[in-house]
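Structure file final.cif with mmCIF, N, CA and C atoms:
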```
data_query
#
loop_
_atom_site.label_atom_id
_atom_site.label_comp_id
_atom_site.auth_asym_id
_atom_site.auth_seq_id
_atom_site.Cartn_x
_atom_site.Cartn_y
_atom_site.Cartn_z
N MET A 1 -22.17 92.22 11.02
CA MET A 1 -21.80 92.11 9.62
C MET A 1 -21.33 90.68 9.36
N GLU A 2 -21.84 90.10 8.31
CA GLU A 2 -21.52 88.72 7.97
C GLU A 2 -20.16 88.65 7.27
N GLN A 3 -19.32 87.73 7.74
CA GLN A 3 -18.03 87.55 7.09
C GLN A 3 -18.17 86.55 5.97
N ARG A 4 -17.56 86.85 4.86
CA ARG A 4 -17.56 85.93 3.74
C ARG A 4 -16.29 85.09 3.79
N THR A 5 -16.48 83.82 3.63
CA THR A 5 -15.31 82.95 3.56
C THR A 5 -15.00 82.69 2.10
N GLN A 6 -13.73 82.64 1.81
CA GLN A 6 -13.31 82.36 0.45
C GLN A 6 -13.51 80.88 0.17
N PRO A 7 -13.84 80.56 -1.09
CA PRO A 7 -13.95 79.14 -1.43
C PRO A 7 -12.58 78.48 -1.28
N PRO A 8 -12.57 77.19 -1.00
CA PRO A 8 -11.28 76.51 -0.83
C PRO A 8 -10.47 76.54 -2.12
N ARG A 9 -9.18 76.64 -1.96
CA ARG A 9 -8.29 76.58 -3.11
C ARG A 9 -8.28 75.13 -3.61
N THR A 10 -8.18 74.98 -4.91
CA THR A 10 -8.24 73.66 -5.52
C THR A 10 -6.85 73.20 -5.92
N VAL A 11 -6.51 71.98 -5.52
CA VAL A 11 -5.25 71.35 -5.89
C VAL A 11 -5.55 70.19 -6.82
N LEU A 12 -4.95 70.20 -7.99
CA LEU A 12 -4.98 69.04 -8.88
C LEU A 12 -3.75 68.21 -8.54
N PHE A 13 -3.97 67.03 -7.96
CA PHE A 13 -2.87 66.17 -7.50
C PHE A 13 -2.78 64.97 -8.43
N VAL A 14 -1.61 64.81 -9.06
CA VAL A 14 -1.42 63.80 -10.10
C VAL A 14 -0.32 62.82 -9.68
N ASP A 15 -0.68 61.56 -9.54
CA ASP A 15 0.31 60.54 -9.20
C ASP A 15 -0.26 59.18 -9.59
N ASP A 16 0.57 58.32 -10.13
CA ASP A 16 0.10 57.01 -10.54
C ASP A 16 0.01 56.03 -9.36
N ASP A 17 0.50 56.42 -8.21
CA ASP A 17 0.42 55.56 -7.03
C ASP A 17 -0.83 55.90 -6.22
N GLU A 18 -1.72 54.93 -6.12
CA GLU A 18 -3.01 55.15 -5.45
C GLU A 18 -2.84 55.53 -3.97
N THR A 19 -1.87 54.92 -3.30
CA THR A 19 -1.64 55.21 -1.88
C THR A 19 -1.19 56.66 -1.69
N THR A 20 -0.32 57.12 -2.56
CA THR A 20 0.15 58.51 -2.49
C THR A 20 -0.99 59.48 -2.74
N ARG A 21 -1.82 59.18 -3.75
CA ARG A 21 -2.97 60.05 -4.03
C ARG A 21 -3.91 60.12 -2.83
N ALA A 22 -4.21 58.97 -2.23
CA ALA A 22 -5.13 58.94 -1.10
C ALA A 22 -4.58 59.71 0.10
N ALA A 23 -3.29 59.52 0.39
CA ALA A 23 -2.67 60.22 1.52
C ALA A 23 -2.67 61.73 1.30
N ALA A 24 -2.33 62.14 0.09
CA ALA A 24 -2.31 63.57 -0.23
C ALA A 24 -3.71 64.16 -0.13
N LYS A 25 -4.70 63.45 -0.65
CA LYS A 25 -6.08 63.93 -0.60
C LYS A 25 -6.54 64.12 0.84
N ASP A 26 -6.29 63.12 1.67
CA ASP A 26 -6.69 63.21 3.08
C ASP A 26 -6.02 64.41 3.75
N PHE A 27 -4.72 64.55 3.55
CA PHE A 27 -3.97 65.65 4.18
C PHE A 27 -4.48 67.00 3.69
N LEU A 28 -4.60 67.15 2.38
CA LEU A 28 -4.99 68.44 1.82
C LEU A 28 -6.41 68.84 2.23
N GLU A 29 -7.31 67.88 2.25
CA GLU A 29 -8.68 68.20 2.66
C GLU A 29 -8.73 68.62 4.13
N GLU A 30 -7.92 67.98 4.96
CA GLU A 30 -7.84 68.40 6.37
C GLU A 30 -7.33 69.83 6.50
N GLU A 31 -6.51 70.25 5.55
CA GLU A 31 -5.95 71.60 5.56
C GLU A 31 -6.87 72.61 4.86
N GLY A 32 -8.03 72.14 4.40
CA GLY A 32 -9.01 73.05 3.83
C GLY A 32 -8.98 73.21 2.32
N TYR A 33 -8.20 72.40 1.63
CA TYR A 33 -8.13 72.45 0.18
C TYR A 33 -9.22 71.58 -0.44
N ARG A 34 -9.65 71.94 -1.61
CA ARG A 34 -10.47 71.08 -2.45
C ARG A 34 -9.47 70.31 -3.31
N VAL A 35 -9.66 69.01 -3.46
CA VAL A 35 -8.68 68.18 -4.15
C VAL A 35 -9.32 67.46 -5.33
N VAL A 36 -8.67 67.56 -6.47
CA VAL A 36 -9.04 66.81 -7.66
C VAL A 36 -7.87 65.88 -7.93
N LEU A 37 -8.17 64.58 -8.10
CA LEU A 37 -7.11 63.59 -8.30
C LEU A 37 -7.06 63.14 -9.76
N ALA A 38 -5.85 62.82 -10.19
CA ALA A 38 -5.64 62.22 -11.51
C ALA A 38 -4.58 61.13 -11.36
N ALA A 39 -4.79 60.01 -12.04
CA ALA A 39 -3.89 58.86 -11.91
C ALA A 39 -2.70 58.91 -12.86
N ASP A 40 -2.72 59.81 -13.82
CA ASP A 40 -1.59 59.96 -14.73
C ASP A 40 -1.69 61.31 -15.44
N GLY A 41 -0.67 61.59 -16.24
CA GLY A 41 -0.62 62.89 -16.91
C GLY A 41 -1.74 63.12 -17.89
N ALA A 42 -2.14 62.08 -18.60
CA ALA A 42 -3.22 62.23 -19.58
C ALA A 42 -4.52 62.62 -18.88
N GLU A 43 -4.82 61.95 -17.78
CA GLU A 43 -6.03 62.28 -17.02
C GLU A 43 -5.94 63.69 -16.45
N ALA A 44 -4.76 64.08 -16.00
CA ALA A 44 -4.58 65.43 -15.46
C ALA A 44 -4.89 66.49 -16.50
N LEU A 45 -4.40 66.29 -17.71
CA LEU A 45 -4.64 67.28 -18.76
C LEU A 45 -6.11 67.31 -19.17
N GLU A 46 -6.79 66.16 -19.07
CA GLU A 46 -8.22 66.12 -19.37
C GLU A 46 -9.03 66.95 -18.38
N VAL A 47 -8.67 66.89 -17.10
CA VAL A 47 -9.47 67.59 -16.08
C VAL A 47 -8.96 68.99 -15.76
N PHE A 48 -7.80 69.36 -16.27
CA PHE A 48 -7.21 70.65 -15.92
C PHE A 48 -8.15 71.82 -16.20
N GLY A 49 -8.75 71.85 -17.37
CA GLY A 49 -9.62 72.97 -17.74
C GLY A 49 -10.87 73.08 -16.91
N THR A 50 -11.48 71.96 -16.60
CA THR A 50 -12.73 71.99 -15.83
C THR A 50 -12.49 72.14 -14.34
N ALA A 51 -11.37 71.63 -13.84
CA ALA A 51 -11.07 71.70 -12.39
C ALA A 51 -10.66 73.11 -11.97
N GLU A 52 -10.08 73.87 -12.89
CA GLU A 52 -9.57 75.20 -12.60
C GLU A 52 -8.76 75.24 -11.31
N PRO A 53 -7.70 74.44 -11.24
CA PRO A 53 -6.93 74.36 -10.00
C PRO A 53 -6.15 75.64 -9.70
N SER A 54 -5.97 75.88 -8.40
CA SER A 54 -5.12 76.98 -7.95
C SER A 54 -3.66 76.60 -8.10
N VAL A 55 -3.40 75.30 -8.01
CA VAL A 55 -2.05 74.77 -8.13
C VAL A 55 -2.15 73.31 -8.60
N VAL A 56 -1.14 72.88 -9.36
CA VAL A 56 -1.05 71.50 -9.83
C VAL A 56 0.17 70.87 -9.18
N VAL A 57 -0.01 69.68 -8.65
CA VAL A 57 1.09 68.91 -8.07
C VAL A 57 1.15 67.61 -8.87
N THR A 58 2.30 67.34 -9.48
CA THR A 58 2.39 66.17 -10.34
C THR A 58 3.66 65.36 -10.07
N ASP A 59 3.48 64.05 -10.11
CA ASP A 59 4.62 63.14 -10.06
C ASP A 59 5.40 63.33 -11.35
N LEU A 60 6.67 62.97 -11.34
CA LEU A 60 7.50 63.13 -12.52
C LEU A 60 7.35 61.95 -13.47
N GLU A 61 7.48 60.74 -12.95
CA GLU A 61 7.43 59.56 -13.81
C GLU A 61 6.09 58.85 -13.66
N MET A 62 5.33 58.85 -14.77
CA MET A 62 4.01 58.22 -14.79
C MET A 62 3.78 57.63 -16.17
N PRO A 63 2.84 56.68 -16.26
CA PRO A 63 2.50 56.14 -17.58
C PRO A 63 1.75 57.17 -18.43
N ARG A 64 1.69 56.91 -19.69
CA ARG A 64 1.02 57.70 -20.73
C ARG A 64 1.66 59.06 -20.93
N ILE A 65 1.58 59.96 -19.98
CA ILE A 65 2.20 61.28 -20.11
C ILE A 65 2.94 61.57 -18.81
N SER A 66 4.21 61.88 -18.91
CA SER A 66 5.05 62.12 -17.73
C SER A 66 4.79 63.50 -17.15
N GLY A 67 5.28 63.69 -15.92
CA GLY A 67 5.08 64.95 -15.23
C GLY A 67 5.70 66.14 -15.94
N ASP A 68 6.87 65.96 -16.54
CA ASP A 68 7.49 67.08 -17.24
C ASP A 68 6.65 67.48 -18.46
N GLN A 69 6.02 66.49 -19.10
CA GLN A 69 5.14 66.81 -20.23
C GLN A 69 3.85 67.49 -19.74
N VAL A 70 3.38 67.10 -18.56
CA VAL A 70 2.21 67.75 -17.96
C VAL A 70 2.53 69.24 -17.73
N VAL A 71 3.69 69.50 -17.15
CA VAL A 71 4.08 70.90 -16.91
C VAL A 71 4.14 71.68 -18.22
N ALA A 72 4.76 71.10 -19.24
CA ALA A 72 4.89 71.78 -20.53
C ALA A 72 3.51 72.09 -21.12
N GLN A 73 2.58 71.15 -21.04
CA GLN A 73 1.24 71.36 -21.59
C GLN A 73 0.46 72.41 -20.78
N ILE A 74 0.62 72.37 -19.47
CA ILE A 74 -0.06 73.36 -18.63
C ILE A 74 0.49 74.75 -18.92
N ARG A 75 1.80 74.85 -19.12
CA ARG A 75 2.41 76.15 -19.42
C ARG A 75 1.87 76.73 -20.72
N LEU A 76 1.51 75.86 -21.69
CA LEU A 76 0.91 76.34 -22.93
C LEU A 76 -0.49 76.89 -22.70
N ARG A 77 -1.21 76.33 -21.72
CA ARG A 77 -2.58 76.74 -21.42
C ARG A 77 -2.64 77.88 -20.41
N SER A 78 -1.73 77.86 -19.45
CA SER A 78 -1.76 78.85 -18.37
C SER A 78 -0.36 79.07 -17.83
N ARG A 79 0.15 80.26 -18.02
CA ARG A 79 1.48 80.60 -17.49
C ARG A 79 1.40 80.88 -15.99
N LYS A 80 0.20 81.20 -15.49
CA LYS A 80 0.10 81.63 -14.10
C LYS A 80 -0.22 80.52 -13.11
N THR A 81 -0.69 79.35 -13.56
CA THR A 81 -1.01 78.27 -12.64
C THR A 81 0.28 77.64 -12.12
N PRO A 82 0.53 77.72 -10.81
CA PRO A 82 1.76 77.11 -10.27
C PRO A 82 1.72 75.59 -10.39
N VAL A 83 2.88 75.02 -10.69
CA VAL A 83 3.01 73.57 -10.79
C VAL A 83 4.19 73.12 -9.92
N ILE A 84 3.92 72.12 -9.09
CA ILE A 84 4.94 71.55 -8.22
C ILE A 84 5.17 70.10 -8.66
N ILE A 85 6.41 69.74 -8.83
CA ILE A 85 6.75 68.36 -9.20
C ILE A 85 7.20 67.61 -7.96
N ILE A 86 6.69 66.38 -7.83
CA ILE A 86 7.14 65.48 -6.77
C ILE A 86 7.74 64.25 -7.45
N THR A 87 8.75 63.67 -6.84
CA THR A 87 9.36 62.48 -7.44
C THR A 87 10.07 61.65 -6.38
N GLY A 88 10.15 60.38 -6.66
CA GLY A 88 10.91 59.47 -5.81
C GLY A 88 12.36 59.37 -6.23
N HIS A 89 12.71 60.07 -7.32
CA HIS A 89 14.09 60.04 -7.81
C HIS A 89 14.86 61.21 -7.22
N ARG A 90 15.69 60.91 -6.25
CA ARG A 90 16.44 61.96 -5.54
C ARG A 90 17.74 62.27 -6.27
N THR A 91 17.59 62.80 -7.48
CA THR A 91 18.78 63.11 -8.26
C THR A 91 18.77 64.58 -8.65
N LEU A 92 19.94 65.09 -8.92
CA LEU A 92 20.06 66.45 -9.40
C LEU A 92 19.42 66.58 -10.77
N ASP A 93 19.48 65.51 -11.58
CA ASP A 93 18.86 65.54 -12.91
C ASP A 93 17.36 65.76 -12.81
N ALA A 94 16.70 65.12 -11.85
CA ALA A 94 15.26 65.29 -11.68
C ALA A 94 14.93 66.73 -11.31
N ARG A 95 15.71 67.29 -10.42
CA ARG A 95 15.49 68.69 -10.01
C ARG A 95 15.73 69.63 -11.19
N ARG A 96 16.77 69.38 -11.95
CA ARG A 96 17.06 70.23 -13.13
C ARG A 96 15.94 70.14 -14.16
N LEU A 97 15.46 68.91 -14.38
CA LEU A 97 14.36 68.73 -15.33
C LEU A 97 13.14 69.53 -14.88
N ALA A 98 12.83 69.49 -13.61
CA ALA A 98 11.70 70.25 -13.08
C ALA A 98 11.89 71.75 -13.34
N GLU A 99 13.08 72.24 -13.11
CA GLU A 99 13.37 73.65 -13.35
C GLU A 99 13.31 73.97 -14.84
N ASP A 100 13.86 73.08 -15.67
CA ASP A 100 13.90 73.32 -17.12
C ASP A 100 12.51 73.42 -17.74
N VAL A 101 11.56 72.63 -17.24
CA VAL A 101 10.22 72.66 -17.82
C VAL A 101 9.34 73.75 -17.21
N GLY A 102 9.86 74.45 -16.22
CA GLY A 102 9.13 75.59 -15.66
C GLY A 102 8.32 75.29 -14.43
N ALA A 103 8.65 74.22 -13.71
CA ALA A 103 7.94 73.93 -12.46
C ALA A 103 8.27 75.01 -11.44
N ASP A 104 7.31 75.30 -10.60
CA ASP A 104 7.47 76.34 -9.58
C ASP A 104 8.02 75.79 -8.27
N GLY A 105 7.99 74.48 -8.13
CA GLY A 105 8.49 73.86 -6.90
C GLY A 105 8.84 72.41 -7.16
N PHE A 106 9.55 71.83 -6.21
CA PHE A 106 10.04 70.45 -6.36
C PHE A 106 10.12 69.83 -4.97
N LEU A 107 9.59 68.62 -4.85
CA LEU A 107 9.67 67.87 -3.59
C LEU A 107 10.01 66.42 -3.87
N ASN A 108 10.82 65.85 -2.98
CA ASN A 108 11.12 64.43 -3.08
C ASN A 108 10.07 63.61 -2.34
N LYS A 109 9.92 62.37 -2.78
CA LYS A 109 9.10 61.39 -2.07
C LYS A 109 10.01 60.57 -1.18
N PRO A 110 9.55 60.03 -0.09
CA PRO A 110 8.19 60.21 0.40
C PRO A 110 7.94 61.67 0.77
N ILE A 111 6.71 62.08 0.63
CA ILE A 111 6.36 63.49 0.82
C ILE A 111 6.44 63.86 2.30
N ASP A 112 7.20 64.90 2.57
CA ASP A 112 7.20 65.54 3.89
C ASP A 112 6.02 66.51 3.85
N PHE A 113 4.91 66.14 4.49
CA PHE A 113 3.68 66.91 4.33
C PHE A 113 3.77 68.33 4.88
N MET A 114 4.60 68.58 5.86
CA MET A 114 4.73 69.95 6.36
C MET A 114 5.48 70.82 5.34
N ALA A 115 6.53 70.28 4.72
CA ALA A 115 7.24 71.00 3.67
C ALA A 115 6.32 71.20 2.46
N PHE A 116 5.51 70.18 2.17
CA PHE A 116 4.54 70.24 1.09
C PHE A 116 3.54 71.37 1.34
N LEU A 117 3.03 71.46 2.55
CA LEU A 117 2.07 72.50 2.90
C LEU A 117 2.70 73.88 2.74
N GLU A 118 3.92 74.05 3.20
CA GLU A 118 4.61 75.33 3.04
C GLU A 118 4.74 75.73 1.58
N LEU A 119 5.11 74.75 0.74
CA LEU A 119 5.26 75.01 -0.69
C LEU A 119 3.92 75.38 -1.32
N LEU A 120 2.88 74.68 -0.94
CA LEU A 120 1.54 75.00 -1.44
C LEU A 120 1.12 76.40 -1.03
N GLN A 121 1.37 76.77 0.22
CA GLN A 121 0.97 78.09 0.69
C GLN A 121 1.73 79.20 -0.05
N GLN A 122 2.94 78.91 -0.46
CA GLN A 122 3.71 79.90 -1.23
C GLN A 122 3.14 80.09 -2.63
N HIS A 123 2.52 79.03 -3.18
CA HIS A 123 2.13 79.06 -4.59
C HIS A 123 0.64 79.02 -4.86
N SER A 124 -0.19 78.99 -3.82
CA SER A 124 -1.63 78.94 -4.11
C SER A 124 -2.36 80.13 -3.49
#
```
Encoded form using structure tokens:
Amino acid sequence: MEQRTQPPRTVLFVDDDETTRAAAKDFLEEEGYRVVLAADGAEALEVFGTAEPSVVVTDLEMPRISGDQVVAQIRLRSRKTPVIIITGHRTLDARRLAEDVGADGFLNKPIDFMAFLELLQQHS
């Protein structure tokens, strides 16, 4: 009997830092995820509908549209798509903002990829 494999889960990864995007893409693809990248919040919202991500991971502070605004817009389109916020700002205010806008997870930068993977597995 032939076993069917599930298609890879898709992560929409949003960060204005090219190095962070590349590192995340490499790591996630090695873990079996399909990765769609966006360089800022505006680009993320443009590709959200067509990418149909299993989970969205977004930086908090970016040009054009910030991560908290990305979460708010995604929540208007889909209440069920998990969103994880990552940020280099290690403050309680950043964590509260993530919770206030309805993010499902929060990670500080630099990204601890093992903690990141655990969080993704919980939400995708």
Report as a list in words the residues that result from applying the PyMOL selection byres ((chain A and resi 81-97) around 5) to the structure here.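 On this input, the PyMOL selection byres ((chain A and resi 81-97) around 5) captures Val55, Val56, Val57, Thr58, Asp59, Leu60, Ser78, Arg79, Lys80, Ala98, Glu99, Asp100, Val101, Ala103, Asp104, Gly105, Phe106, Leu107, Asn108 and Lys109 of chain A.
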What would the file look like if the residues just selected were written as a compact mmCIF listing (two decimals), in the frame of the given file with N, CA and C atoms?
```
# COMPACT_ATOMS: atom_id res chain seq x y z
N VAL A 55 -3.40 75.30 -8.01
CA VAL A 55 -2.05 74.77 -8.13
C VAL A 55 -2.15 73.31 -8.60
N VAL A 56 -1.14 72.88 -9.36
CA VAL A 56 -1.05 71.50 -9.83
C VAL A 56 0.17 70.87 -9.18
N VAL A 57 -0.01 69.68 -8.65
CA VAL A 57 1.09 68.91 -8.07
C VAL A 57 1.15 67.61 -8.87
N THR A 58 2.30 67.34 -9.48
CA THR A 58 2.39 66.17 -10.34
C THR A 58 3.66 65.36 -10.07
N ASP A 59 3.48 64.05 -10.11
CA ASP A 59 4.62 63.14 -10.06
C ASP A 59 5.40 63.33 -11.35
N LEU A 60 6.67 62.97 -11.34
CA LEU A 60 7.50 63.13 -12.52
C LEU A 60 7.35 61.95 -13.47
N SER A 78 -1.73 77.86 -19.45
CA SER A 78 -1.76 78.85 -18.37
C SER A 78 -0.36 79.07 -17.83
N ARG A 79 0.15 80.26 -18.02
CA ARG A 79 1.48 80.60 -17.49
C ARG A 79 1.40 80.88 -15.99
N LYS A 80 0.20 81.20 -15.49
CA LYS A 80 0.10 81.63 -14.10
C LYS A 80 -0.22 80.52 -13.11
N ALA A 98 12.83 69.49 -13.61
CA ALA A 98 11.70 70.25 -13.08
C ALA A 98 11.89 71.75 -13.34
N GLU A 99 13.08 72.24 -13.11
CA GLU A 99 13.37 73.65 -13.35
C GLU A 99 13.31 73.97 -14.84
N ASP A 100 13.86 73.08 -15.67
CA ASP A 100 13.90 73.32 -17.12
C ASP A 100 12.51 73.42 -17.74
N VAL A 101 11.56 72.63 -17.24
CA VAL A 101 10.22 72.66 -17.82
C VAL A 101 9.34 73.75 -17.21
N ALA A 103 8.65 74.22 -13.71
CA ALA A 103 7.94 73.93 -12.46
C ALA A 103 8.27 75.01 -11.44
N ASP A 104 7.31 75.30 -10.60
CA ASP A 104 7.47 76.34 -9.58
C ASP A 104 8.02 75.79 -8.27
N GLY A 105 7.99 74.48 -8.13
CA GLY A 105 8.49 73.86 -6.90
C GLY A 105 8.84 72.41 -7.16
N PHE A 106 9.55 71.83 -6.21
CA PHE A 106 10.04 70.45 -6.36
C PHE A 106 10.12 69.83 -4.97
N LEU A 107 9.59 68.62 -4.85
CA LEU A 107 9.67 67.87 -3.59
C LEU A 107 10.01 66.42 -3.87
N ASN A 108 10.82 65.85 -2.98
CA ASN A 108 11.12 64.43 -3.08
C ASN A 108 10.07 63.61 -2.34
N LYS A 109 9.92 62.37 -2.78
CA LYS A 109 9.10 61.39 -2.07
C LYS A 109 10.01 60.57 -1.18
```
Evaluate the PyMOL selection byres (((chain A and resi 38 and name CA) around 8) and name CA) against this structure - the residues, as JSON, numbers by chain, please. {"A": [12, 13, 14, 15, 16, 36, 37, 39, 40, 41, 43, 44]}
Running the PyMOL selection byres ((chain A and resi 19-34) around 5) on this model by hand, what would come out? Give it as a PyMOL selection string. chain A and resi 8-11+17-18+35-36
Mind pulling up the distance from atom CA of Ser124 of chain A to atom CA of Ile74 of chain A? 15.6 Å
Point-to-point distance from atom C of Val71 of chain A to atom C of Met114 of chain A, Å rounded to tenths: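 It comes out at 23.6 Å.
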Taking into account only C-alpha atoms, which residue in the set A:Val47, A:Gln121, A:Ala42, A:Gly102 is nearest to Met62 of chain A?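 Selected residue with least distance to Met62 of chain A: A:Ala42.
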Strand (DSSP E) call set, DSSP backbone run, chain A, as a list in words: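 The strand (DSSP E) residues within chain A come out as Thr10, Val11, Leu12, Phe13, Val14, Arg34, Val35, Val36, Leu37, Ala38, Val55, Val56, Val57, Thr58, Asp59, Val83, Ile84, Ile85, Ile86, Thr87, Gly105, Phe106, Leu107 and Asn108 of chain A.
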Report the centre and edge lengths, in Å to one decimal, of an axis-aligned box enclosing every atom of segment 59-73 of chain A listed in the file, padded by 6 Å on each side, as JSON.
```
{"center_x": 4.0, "center_y": 64.3, "center_z": -15.8, "size_x": 19.0, "size_y": 28.3, "size_z": 23.5}
```
